[in-house]
Protein chains: 2
Amino acid sequence: MARLVMKFGGTSVGSVDRIKNVAQRVKKEVDAGHEVAVVVSAMSGDTNRLVGLASDVAALHDAREYDVVVSSGEQVTVGLLAMALQDLGVNARSWLGWQIPVKTDTVHGSARIEAIDSADIIARFEDQQVAVCAGFQGIAADNRITTLGRGGSDTSAVALAAALNADRCDIYTDVDGIYTADPRIATKASKLDRITYEEMLELASLGAKVLQTRSVEMAMKHQVKLQVLSSFEDLPGTLVVDEEDIVEQQVVSGVTYTRDEAKVTLQQVNDTPGVAAKVFGALADAHVNVDMIVQNVSEDGKATDLTFTVGRNDLDPALRVLESLKGSVNWKALVPDPDVVKVSIVGMGMRSHAGVAQTMFAALAEKGINIQVISTSEIKVSVLLAEEYTELAVRTLHTAFNLDAA
Amino acid sequence: MARLVMKFGGTSVGSVDRIKNVAQRVKKEVDAGHEVAVVVSAMSGDTNRLVGLASDVAALHDAREYDVVVSSGEQVTVGLLAMALQDLGVNARSWLGWQIPVKTDTVHGSARIEAIDSADIIARFEDQQVAVCAGFQGIAADNRITTLGRGGSDTSAVALAAALNADRCDIYTDVDGIYTADPRIATKASKLDRITYEEMLELASLGAKVLQTRSVEMAMKHQVKLQVLSSFEDLPGTLVVDEEDIVEQQVVSGVTYTRDEAKVTLQQVNDTPGVAAKVFGALADAHVNVDMIVQNVSEDGKATDLTFTVGRNDLDPALRVLESLKGSVNWKALVPDPDVVKVSIVGMGMRSHAGVAQTMFAALAEKGINIQVISTSEIKVSVLLAEEYTELAVRTLHTAFNLDAA
C-alpha cells in the first residue's frame with residue numbers, strides 16, 4: 001500500500017467524459033489498495049473564460065476579487081470529480097482550498113503556500129476516502145481566497161504530497177513524460193525513465209513546459225518523488241528523483257530551447273567603472289529581469305560592446321529604460337534583436353566530465369551556427385543563437401551527445 | 001441615511017453590461033448616503049449549465065457535491081460586481097456564504113438559514129464599504145457549502161436584511177412590481193403600490209412567481225419591509241408591508257392562477273370510516289402533497305365521489321399509489337384530469353366583507369364556467385376550473401372585483 005497524490009491538469013478534466021476517465025484512473029489506484037488524494041485544475045478554457053469576464057468588467061481590478069472569480073473554476077471540477085468517483089462506488093469528497101485549509105500569504109494572484117493542514121484528509125484515508133482537492137487556490141490569514149498564479153496546480157499537488165508525506169506525486173498531463181528534446185523537433189528524442197530534480201529544474205526554467213519551476217523546487221526541497229505521465233495513455237512516465245536514485249547517469253540528459261528571450265546590444269559603450277551598475281540597476285528598478293550578459297574586452301580601453309538578454313515581453317520597457325539613461329551613459333548604438341533562441345544542454349554528468357562545452361561549441365560550429373552569447377552553470381550550458389537555427393541546433397546537439405534513440 | 005439590502009436576480013446580472021448597470025444602481029444609493037449590502041444570484045443560464053454538468057457526470061449525485069458545483073455561480077457574480085463597483089470608485093468587497101458566514105442546517109440542496117453573523121459587514125459600513133454577498137448559499141456546521149434551493153437568493157436577501165436590521169430590502173427583478181393580475185392575460189391589470197405580507201404570501205403560493213414563498217414568510221416574521229422593483233427601469237415598485245401601513249384596503253387585491261395542479265377523482269368509493277385516512281395516508285407516505293379536497297355527500301349512504309388535487313408532476317406517482325390500494329379500498333373508477341387550473345382571489349378585506357365568495361361564484365356562473373372544487377382561507381378563495389377557462393376566468397374576476405384600471 002502506498003500513499004499517492006494524483007494531479008490532473010485542465011486538459012485532463014476538460015469535459016464530462018474526461019472527468020469520468022480521470023475517475024477510472026483514480027479508482028484503479030484505490031482498487032490496488034492505495035491511499036489517494038487527487039488535485040485538479042479547472043476545466044480547460046474555463047479559467048480563460050473567467051479571466052475574460054474579469055477583464056471585461058474592469059481593466060484594473062482588485063486581485064482579491066479576481067481570485068474569488070477565477071477560483072470558482074476548480075470548485076466546479078472537484079465537485080464533479082467527487083460525483084464521478086462516487087458513481088463508480090469509490091468513497092470520495094471534495095475539498096476547496098479554504099476547507100483543507102491550504103494557508104498562503106496574502107499576495108493575491110500569485111500567493112505562496114505557507115502551510116497545509118492534512119490531518120482531516122489523512123483521518124479519512126482510514127475509511128478509504130479519496131480526497132479530491134482544488135488546485136491553484138488557498139486561503140490567506142484574512143479569510144479570503146487566494147490563487148497561486150498560472151500553473152499553480154502543480155505546486156498545490158507537490159505541497160499536498162509533502163504535507164501528506166506521500167510516497168509519490170503523479171502529475172498527469174497531455175504528454176507522457178520528459179523527453180531528451182522536444183519530439184516535434186528532434187524526431188529521435190526518447191522519453192527519460194528518470195531525471196534528477198536539479199536537471200528538471202534547469203529544463204523547466206530553460207524552456208521545457210511540462211512542469212512549473214516552483215513545483216520542482218518544492219519537490220526537491222521536500223524530497224517528494226514526482227512522476228510525469230500521460231492522462232490519456234496507460235504508460236509509465238518519467239520519474240523525477242534524487243541523484244542517488246539514478247544508477248547510470250548520462251553526461252547530458254536533454255537538450256532544450258526557449259524563444260522567450262530577446263537580445264540587446266549597447267555598441268561602443270564608454271568602458272569606465274560603474275557603467276554596468278547604472279545600466280543593470282535601472283533595468284532592475286523597472287522590474288526587467290536580465291538573463292545572459294556578455295561584455296567584450298575593449299581593444300583601446302575606451303569603449304566596449306555590452307550585450308545581454310531580457311524576456312521578449314520586456315523588450316519594449318527595457319528599451320525605454322535604456323533611452324532614459326542616454327544622458328548619463330554614452331554609447332554609439334542601441335541594437336535590439338528579438339529574433340534569437342536560447343538552446344541549452346542539461347546534465348548532472350557535466351560536473352565530472354571535462355570538455356562538454358567544447359563538444360557543444362564544436363558541433364554547432366561544424367554546422368556553421370554562430371554563437372552570440374554563452375552562459376553556464378554546474379549542470380547546463382546555454383548558448384544564444386539566431387532564431388532560424390533553432391531546429392538545426394537542437395538536432396545537432398541531440399546527436400552530438402549520443403541521445404538519438406537507436 | 002438608511003440601511004438597504006438590494007437583491008439582483010440572475011437576469012439582472014446576466015452579462016458584463018448588466019453587471020455594470022447594477023453597479024450604477026448601487027452607486028446611486030451609496031451616493032445618497034445609504035449603507036448598502038447587495039445580494040446577487042448567478043448569471044442567468046450559469047446555474048443551468050452547472051446543474052447540467054452535474055447531471056451528465058452522475059444521474060444520482062451527492063447533494064453535498066452538487067452544492068459545491070452550483071454555488072460557484074454566485075462566486076463569479078459577487079467578484080465581478082465588487083470589481084465593477086470599485087471601477088466606479090465605490091468601496092466594495094465580495095462575501096461568500098462561508099465568509100459572512102450564513103449558517104444553515106445540513107439539508108444540502110434546500111438548506112434553511114439558521115443564523116447570519118452580520119458584525120463584520122456592519123463594521124465596514126463605517127468605511128462606506130458595500131458588502132456584495134452571494135445569495136443562495138451558506139455553510140453547514142460540518143464546514144461544507146450548502147445551497148438554499150432554487151429561488152433561494154430572495155430568502156438570502158431577506159435573511160440578511162433581518163440580520164442587518166435593514167430599513168428595506170429591495171428585490172430587483174425583470175418585472176416592475178406586483179400586479180392585480182398577470183398583465184399578459186388581464187390587460188387592465190395595474191401595479192399595486194402596496195400589498196400586505198399575508199396577501200403576498202397567498203399570491204406567491206397560488207401562482208405569482210415574483211417572490212419566493214419562503215422569503216415572504218421570513219420577511220413577515222422579521223418585519224422586513226420588502227420592495228419589488230424593476231432592475232431595468234427606474235420606477236418605484238410594490239412595497240410589501242404590514243397591514244397597518246396600508247391606508248385604503250381593497251376587498252380583493254389580486255387575481256392569480258396556477259396550472260401546476262392536477263385533479264384526481266375516485267368515483268363511487270365505499271363510504272365507510274377510514275377510507276379517506278387510507279387514501280391520504282398512502283399519498284403522504286409517498287411524499288405526494290394533496291392540496292384541494294372535496295367529498296360529495298353520498299346519496300344512499302353507501303358510496304361517494306372523492307376528488308382532490310396534487311401537483312401535476314406528482315400525478316403519475318399518485319396514480320401508482322392509488323392503484324396499489326385497490327385491494328383495501330373499493331371504487332368504481334379512478335379518473336385523473338391534468339387539464340385544470342386553480343384560479344384564486346386574494347385580499348385582506350375579505351375578512352370584513354361578506355359575500356365575496358358569492359360574488360366570485362356568480363361572476364363565473366354568468367360566463368358559463370363550471371366550478372369543480374373550492375377551497376378557502378381567511379383571505380383567499382380558490383376554485384378549480386377546466387384549464388381552457390383560465391384567461392376568461394381571470395379577466396372576469398378582475399372586472400367583477402373592480403380591479404380594472406380606469
# chains A, B, ... in the order shown; residues from 1 in each chain; ligands from 1
$ interface_residues --of "chain B" --to "chain A" --cutoff "8 Å" --atoms "only C-alpha atoms" --output "PyMOL selection string"
chain B and resi 16-17+19-20+50+53-54+56-58+60-62+65-66+68-70+72-73+75-80+82-84+86-87+93-94+99+143-144
$ select_by_dssp --residues "range 111-336 of chain A" --states "helix (DSSP H, G or I)" --output "MDAnalysis selection string"
chainID A and resid 119:125 152:164 197:205 213:222 243:245 275:285 312:324
$ residues_around --residues "Asp127 in chain B" --least-positions-apart "6" --cutoff "12 Å" --atoms "only C-alpha atoms" --output "PDB file with N, CA and C atoms, in the first residue's frame"
ATOM      1  N   VAL B  30     -25.500  54.544  -2.717  1.00  0.00           N
ATOM      2  CA  VAL B  30     -24.347  54.890  -1.886  1.00  0.00           C
ATOM      3  C   VAL B  30     -24.150  56.405  -1.900  1.00  0.00           C
ATOM      4  N   GLY B  33     -26.024  58.421   0.369  1.00  0.00           N
ATOM      5  CA  GLY B  33     -25.639  58.342   1.777  1.00  0.00           C
ATOM      6  C   GLY B  33     -26.100  57.089   2.493  1.00  0.00           C
ATOM      7  N   HIS B  34     -26.645  56.117   1.729  1.00  0.00           N
ATOM      8  CA  HIS B  34     -27.158  54.909   2.388  1.00  0.00           C
ATOM      9  C   HIS B  34     -26.064  53.875   2.624  1.00  0.00           C
ATOM     10  N   GLU B  35     -26.273  53.033   3.631  1.00  0.00           N
ATOM     11  CA  GLU B  35     -25.425  51.858   3.850  1.00  0.00           C
ATOM     12  C   GLU B  35     -26.030  50.723   3.037  1.00  0.00           C
ATOM     13  N   VAL B  36     -25.221  50.070   2.219  1.00  0.00           N
ATOM     14  CA  VAL B  36     -25.789  49.122   1.261  1.00  0.00           C
ATOM     15  C   VAL B  36     -25.110  47.744   1.320  1.00  0.00           C
ATOM     16  N   VAL B  90     -16.472  53.103  -5.959  1.00  0.00           N
ATOM     17  CA  VAL B  90     -17.219  52.730  -4.748  1.00  0.00           C
ATOM     18  C   VAL B  90     -16.412  51.680  -3.980  1.00  0.00           C
ATOM     19  N   ASN B  91     -16.228  51.882  -2.685  1.00  0.00           N
ATOM     20  CA  ASN B  91     -15.558  50.900  -1.839  1.00  0.00           C
ATOM     21  C   ASN B  91     -16.463  49.671  -1.719  1.00  0.00           C
ATOM     22  N   ALA B  92     -15.976  48.507  -2.110  1.00  0.00           N
ATOM     23  CA  ALA B  92     -16.818  47.310  -2.122  1.00  0.00           C
ATOM     24  C   ALA B  92     -15.964  46.072  -1.926  1.00  0.00           C
ATOM     25  N   ARG B  93     -16.532  45.043  -1.310  1.00  0.00           N
ATOM     26  CA  ARG B  93     -15.861  43.742  -1.302  1.00  0.00           C
ATOM     27  C   ARG B  93     -16.913  42.643  -1.362  1.00  0.00           C
ATOM     28  N   ASP B 120     -19.196  41.812  10.907  1.00  0.00           N
ATOM     29  CA  ASP B 120     -18.128  42.297  10.029  1.00  0.00           C
ATOM     30  C   ASP B 120     -18.659  43.262   8.977  1.00  0.00           C
ATOM     31  N   ILE B 121     -19.792  42.890   8.394  1.00  0.00           N
ATOM     32  CA  ILE B 121     -20.370  43.736   7.345  1.00  0.00           C
ATOM     33  C   ILE B 121     -20.778  45.087   7.916  1.00  0.00           C
TER      34      ILE B 121
END
$ atom_distance --atom1 "CA of Val251 in chain B" --atom2 "CA of Met350 in chain B"
5.4 Å
$ atom_distance --atom1 "CA of Val297 in chain B" --atom2 "CA of Asp260 in chain B"
27.6 Å
$ residues_around --residues "Glu202 in chain A" --least-positions-apart "5" --cutoff "9 Å" --atoms "only C-alpha atoms" --output "JSON, numbers by chain"
{"A": [197, 207, 208, 213, 346, 379, 380]}
$ select_by_dssp --residues "range 218-359 of chain A" --states "strand (DSSP E)" --output "number ranges by chain"
A: 226-230, 238-241, 254-258, 261-270, 290-295, 303-311, 333-337, 340-346
$ write_last_selection --atoms "N, CA and C atoms" --output "short mmCIF file (atom, residue, chain, number, x, y, z; two decimals), in the first residue's frame"
data_model
loop_
_atom_site.label_atom_id
_atom_site.label_comp_id
_atom_site.auth_asym_id
_atom_site.auth_seq_id
_atom_site.Cartn_x
_atom_site.Cartn_y
_atom_site.Cartn_z
N LEU A 226 8.47 12.74 -7.76
CA LEU A 226 7.50 13.19 -8.77
C LEU A 226 7.47 12.21 -9.93
N GLN A 227 6.30 12.02 -10.54
CA GLN A 227 6.24 11.30 -11.81
C GLN A 227 5.40 12.12 -12.79
N VAL A 228 5.91 12.29 -14.00
CA VAL A 228 5.16 12.97 -15.06
C VAL A 228 4.66 11.89 -16.01
N LEU A 229 3.33 11.80 -16.21
CA LEU A 229 2.82 10.76 -17.10
C LEU A 229 1.56 11.21 -17.82
N SER A 230 1.16 10.46 -18.83
CA SER A 230 0.03 10.85 -19.67
C SER A 230 -1.30 10.51 -19.02
N THR A 238 7.92 9.62 -16.59
CA THR A 238 9.29 9.91 -16.17
C THR A 238 9.29 10.23 -14.68
N LEU A 239 10.18 9.58 -13.94
CA LEU A 239 10.32 9.85 -12.51
C LEU A 239 11.34 10.94 -12.28
N VAL A 240 10.98 11.92 -11.45
CA VAL A 240 11.92 12.98 -11.07
C VAL A 240 12.37 12.64 -9.65
N VAL A 241 13.65 12.34 -9.50
CA VAL A 241 14.12 11.78 -8.23
C VAL A 241 15.46 12.36 -7.82
N GLY A 254 19.44 16.09 -21.58
CA GLY A 254 18.47 16.66 -22.50
C GLY A 254 18.95 17.94 -23.15
N VAL A 255 18.29 18.24 -24.26
CA VAL A 255 18.55 19.48 -25.00
C VAL A 255 17.24 20.26 -25.01
N THR A 256 17.29 21.52 -24.65
CA THR A 256 16.04 22.28 -24.64
C THR A 256 16.28 23.67 -25.24
N TYR A 257 15.21 24.37 -25.50
CA TYR A 257 15.36 25.69 -26.12
C TYR A 257 14.20 26.58 -25.69
N THR A 258 14.42 27.88 -25.74
CA THR A 258 13.33 28.82 -25.48
C THR A 258 13.48 30.02 -26.40
N GLU A 261 13.34 34.89 -25.12
CA GLU A 261 14.26 35.98 -24.79
C GLU A 261 14.54 36.87 -26.00
N ALA A 262 15.04 38.05 -25.73
CA ALA A 262 15.44 38.99 -26.79
C ALA A 262 16.80 39.54 -26.41
N LYS A 263 17.59 39.87 -27.41
CA LYS A 263 18.96 40.35 -27.18
C LYS A 263 19.02 41.87 -27.34
N VAL A 264 19.80 42.50 -26.49
CA VAL A 264 20.03 43.94 -26.60
C VAL A 264 21.54 44.17 -26.60
N THR A 265 22.02 44.96 -27.54
CA THR A 265 23.45 45.30 -27.56
C THR A 265 23.63 46.81 -27.49
N LEU A 266 24.49 47.24 -26.55
CA LEU A 266 24.90 48.64 -26.50
C LEU A 266 26.29 48.68 -27.13
N GLN A 267 26.37 49.26 -28.32
CA GLN A 267 27.64 49.28 -29.03
C GLN A 267 28.49 50.46 -28.60
N GLN A 268 29.77 50.18 -28.41
CA GLN A 268 30.74 51.24 -28.09
C GLN A 268 30.33 52.04 -26.86
N VAL A 269 30.05 51.31 -25.78
CA VAL A 269 29.76 51.98 -24.51
C VAL A 269 31.08 52.46 -23.92
N ASN A 270 31.05 53.58 -23.23
CA ASN A 270 32.25 54.04 -22.51
C ASN A 270 32.69 52.97 -21.53
N VAL A 290 17.20 40.52 -16.26
CA VAL A 290 18.25 40.30 -17.26
C VAL A 290 18.78 38.90 -17.07
N ASP A 291 18.94 38.15 -18.18
CA ASP A 291 19.39 36.76 -18.06
C ASP A 291 20.89 36.65 -18.42
N MET A 292 21.20 36.50 -19.70
CA MET A 292 22.59 36.32 -20.11
C MET A 292 23.25 37.68 -20.31
N ILE A 293 24.53 37.78 -19.93
CA ILE A 293 25.26 39.04 -20.12
C ILE A 293 26.64 38.73 -20.68
N VAL A 294 27.10 39.49 -21.65
CA VAL A 294 28.48 39.38 -22.11
C VAL A 294 29.02 40.78 -22.43
N GLN A 295 30.24 41.01 -21.95
CA GLN A 295 30.88 42.30 -22.25
C GLN A 295 32.20 42.00 -22.95
N ALA A 303 36.21 52.03 -25.17
CA ALA A 303 34.82 51.68 -25.45
C ALA A 303 34.70 50.18 -25.69
N THR A 304 33.51 49.64 -25.35
CA THR A 304 33.29 48.21 -25.44
C THR A 304 31.85 47.95 -25.86
N ASP A 305 31.55 46.69 -26.27
CA ASP A 305 30.14 46.34 -26.56
C ASP A 305 29.57 45.59 -25.36
N LEU A 306 28.36 45.99 -24.94
CA LEU A 306 27.69 45.31 -23.83
C LEU A 306 26.43 44.64 -24.39
N THR A 307 26.38 43.29 -24.27
CA THR A 307 25.23 42.54 -24.81
C THR A 307 24.56 41.77 -23.68
N PHE A 308 23.21 41.76 -23.70
CA PHE A 308 22.51 40.98 -22.66
C PHE A 308 21.13 40.58 -23.21
N THR A 309 20.48 39.67 -22.49
CA THR A 309 19.13 39.26 -22.92
C THR A 309 18.11 39.60 -21.84
N VAL A 310 16.90 39.90 -22.31
CA VAL A 310 15.75 40.13 -21.40
C VAL A 310 14.59 39.30 -21.94
N GLY A 311 13.55 39.13 -21.14
CA GLY A 311 12.35 38.44 -21.62
C GLY A 311 11.81 39.18 -22.83
N ALA A 333 25.49 52.98 -30.42
CA ALA A 333 24.22 52.49 -30.97
C ALA A 333 23.57 51.50 -30.00
N LEU A 334 22.23 51.52 -29.99
CA LEU A 334 21.44 50.59 -29.17
C LEU A 334 20.76 49.66 -30.15
N VAL A 335 21.15 48.37 -30.14
CA VAL A 335 20.65 47.44 -31.16
C VAL A 335 19.82 46.31 -30.51
N PRO A 336 18.51 46.38 -30.64
CA PRO A 336 17.68 45.29 -30.12
C PRO A 336 17.55 44.18 -31.16
N ASP A 337 17.43 42.93 -30.71
CA ASP A 337 17.25 41.81 -31.63
C ASP A 337 16.35 40.76 -30.97
N VAL A 340 16.09 35.74 -31.58
CA VAL A 340 17.13 34.85 -31.04
C VAL A 340 16.48 33.67 -30.32
N VAL A 341 17.26 32.63 -30.12
CA VAL A 341 16.79 31.46 -29.37
C VAL A 341 17.90 31.07 -28.40
N LYS A 342 17.50 30.63 -27.24
CA LYS A 342 18.49 30.12 -26.28
C LYS A 342 18.39 28.60 -26.27
N VAL A 343 19.48 27.93 -26.68
CA VAL A 343 19.50 26.47 -26.72
C VAL A 343 20.42 26.00 -25.60
N SER A 344 19.95 25.01 -24.83
CA SER A 344 20.71 24.57 -23.65
C SER A 344 20.88 23.06 -23.64
N ILE A 345 22.00 22.62 -23.08
CA ILE A 345 22.15 21.21 -22.76
C ILE A 345 22.22 21.11 -21.25
N VAL A 346 21.60 20.07 -20.70
CA VAL A 346 21.48 19.92 -19.25
C VAL A 346 21.89 18.50 -18.88
#
$ decode --residues "range 115-141 of chain A" --atoms "N, CA and C atoms" --output "tab-separated table (two decimals), in the first residue's frame"
chain	number	residue	atom	x	y	z
A	115	ALA	N	1.40	26.74	4.65
A	115	ALA	CA	1.16	25.52	5.43
A	115	ALA	C	-0.10	24.84	4.93
A	116	ILE	N	-0.10	23.52	5.00
A	116	ILE	CA	-1.29	22.76	4.65
A	116	ILE	C	-1.63	21.86	5.83
A	117	ASP	N	-2.86	21.93	6.29
A	117	ASP	CA	-3.30	21.08	7.38
A	117	ASP	C	-3.90	19.80	6.78
A	118	SER	N	-3.16	18.72	6.88
A	118	SER	CA	-3.59	17.50	6.20
A	118	SER	C	-4.26	16.48	7.13
A	119	ALA	N	-4.47	16.87	8.39
A	119	ALA	CA	-4.95	15.91	9.39
A	119	ALA	C	-6.30	15.30	9.00
A	120	ASP	N	-7.26	16.15	8.59
A	120	ASP	CA	-8.60	15.66	8.23
A	120	ASP	C	-8.55	14.66	7.08
A	121	ILE	N	-7.75	15.02	6.08
A	121	ILE	CA	-7.66	14.15	4.88
A	121	ILE	C	-7.05	12.81	5.26
A	122	ILE	N	-6.00	12.84	6.08
A	122	ILE	CA	-5.34	11.60	6.49
A	122	ILE	C	-6.31	10.74	7.31
A	123	ALA	N	-7.06	11.39	8.20
A	123	ALA	CA	-8.02	10.64	9.03
A	123	ALA	C	-9.01	9.89	8.15
A	124	ARG	N	-9.41	10.53	7.04
A	124	ARG	CA	-10.40	9.91	6.16
A	124	ARG	C	-9.82	8.83	5.25
A	125	PHE	N	-8.51	8.76	5.14
A	125	PHE	CA	-7.90	7.65	4.40
A	125	PHE	C	-8.25	6.32	5.08
A	126	GLU	N	-8.46	6.38	6.39
A	126	GLU	CA	-8.85	5.18	7.14
A	126	GLU	C	-10.14	4.56	6.59
A	127	ASP	N	-11.03	5.45	6.10
A	127	ASP	CA	-12.30	4.98	5.52
A	127	ASP	C	-12.18	4.79	4.01
A	128	GLN	N	-10.98	4.65	3.50
A	128	GLN	CA	-10.75	4.51	2.06
A	128	GLN	C	-11.36	5.71	1.31
A	129	GLN	N	-11.42	6.88	1.95
A	129	GLN	CA	-11.99	8.03	1.25
A	129	GLN	C	-10.91	8.74	0.42
A	130	VAL	N	-11.26	9.01	-0.84
A	130	VAL	CA	-10.38	9.77	-1.72
A	130	VAL	C	-10.63	11.26	-1.49
A	131	ALA	N	-9.57	12.03	-1.29
A	131	ALA	CA	-9.70	13.48	-1.14
A	131	ALA	C	-9.53	14.12	-2.51
A	132	VAL	N	-10.57	14.80	-2.97
A	132	VAL	CA	-10.49	15.48	-4.27
A	132	VAL	C	-10.27	16.97	-4.00
A	133	CYS	N	-9.04	17.44	-4.20
A	133	CYS	CA	-8.65	18.77	-3.75
A	133	CYS	C	-8.53	19.77	-4.90
A	134	ALA	N	-9.00	20.98	-4.66
A	134	ALA	CA	-8.89	22.04	-5.65
A	134	ALA	C	-7.46	22.53	-5.71
A	135	GLY	N	-6.84	22.46	-6.88
A	135	GLY	CA	-5.51	23.01	-7.04
A	135	GLY	C	-5.58	24.52	-7.18
A	136	PHE	N	-4.40	25.18	-7.14
A	136	PHE	CA	-4.32	26.57	-7.58
A	136	PHE	C	-4.85	27.57	-6.56
A	137	GLN	N	-5.52	27.08	-5.49
A	137	GLN	CA	-6.16	28.01	-4.57
A	137	GLN	C	-5.81	27.74	-3.11
A	138	GLY	N	-5.93	28.79	-2.31
A	138	GLY	CA	-5.69	28.68	-0.89
A	138	GLY	C	-6.48	29.74	-0.15
A	139	ILE	N	-6.12	29.94	1.11
A	139	ILE	CA	-6.81	30.96	1.89
A	139	ILE	C	-5.77	31.75	2.67
A	140	ALA	N	-5.92	33.08	2.69
A	140	ALA	CA	-4.98	33.94	3.40
A	140	ALA	C	-5.47	34.13	4.84
A	141	ALA	N	-4.61	34.74	5.64
A	141	ALA	CA	-4.93	34.91	7.06
A	141	ALA	C	-6.20	35.74	7.27
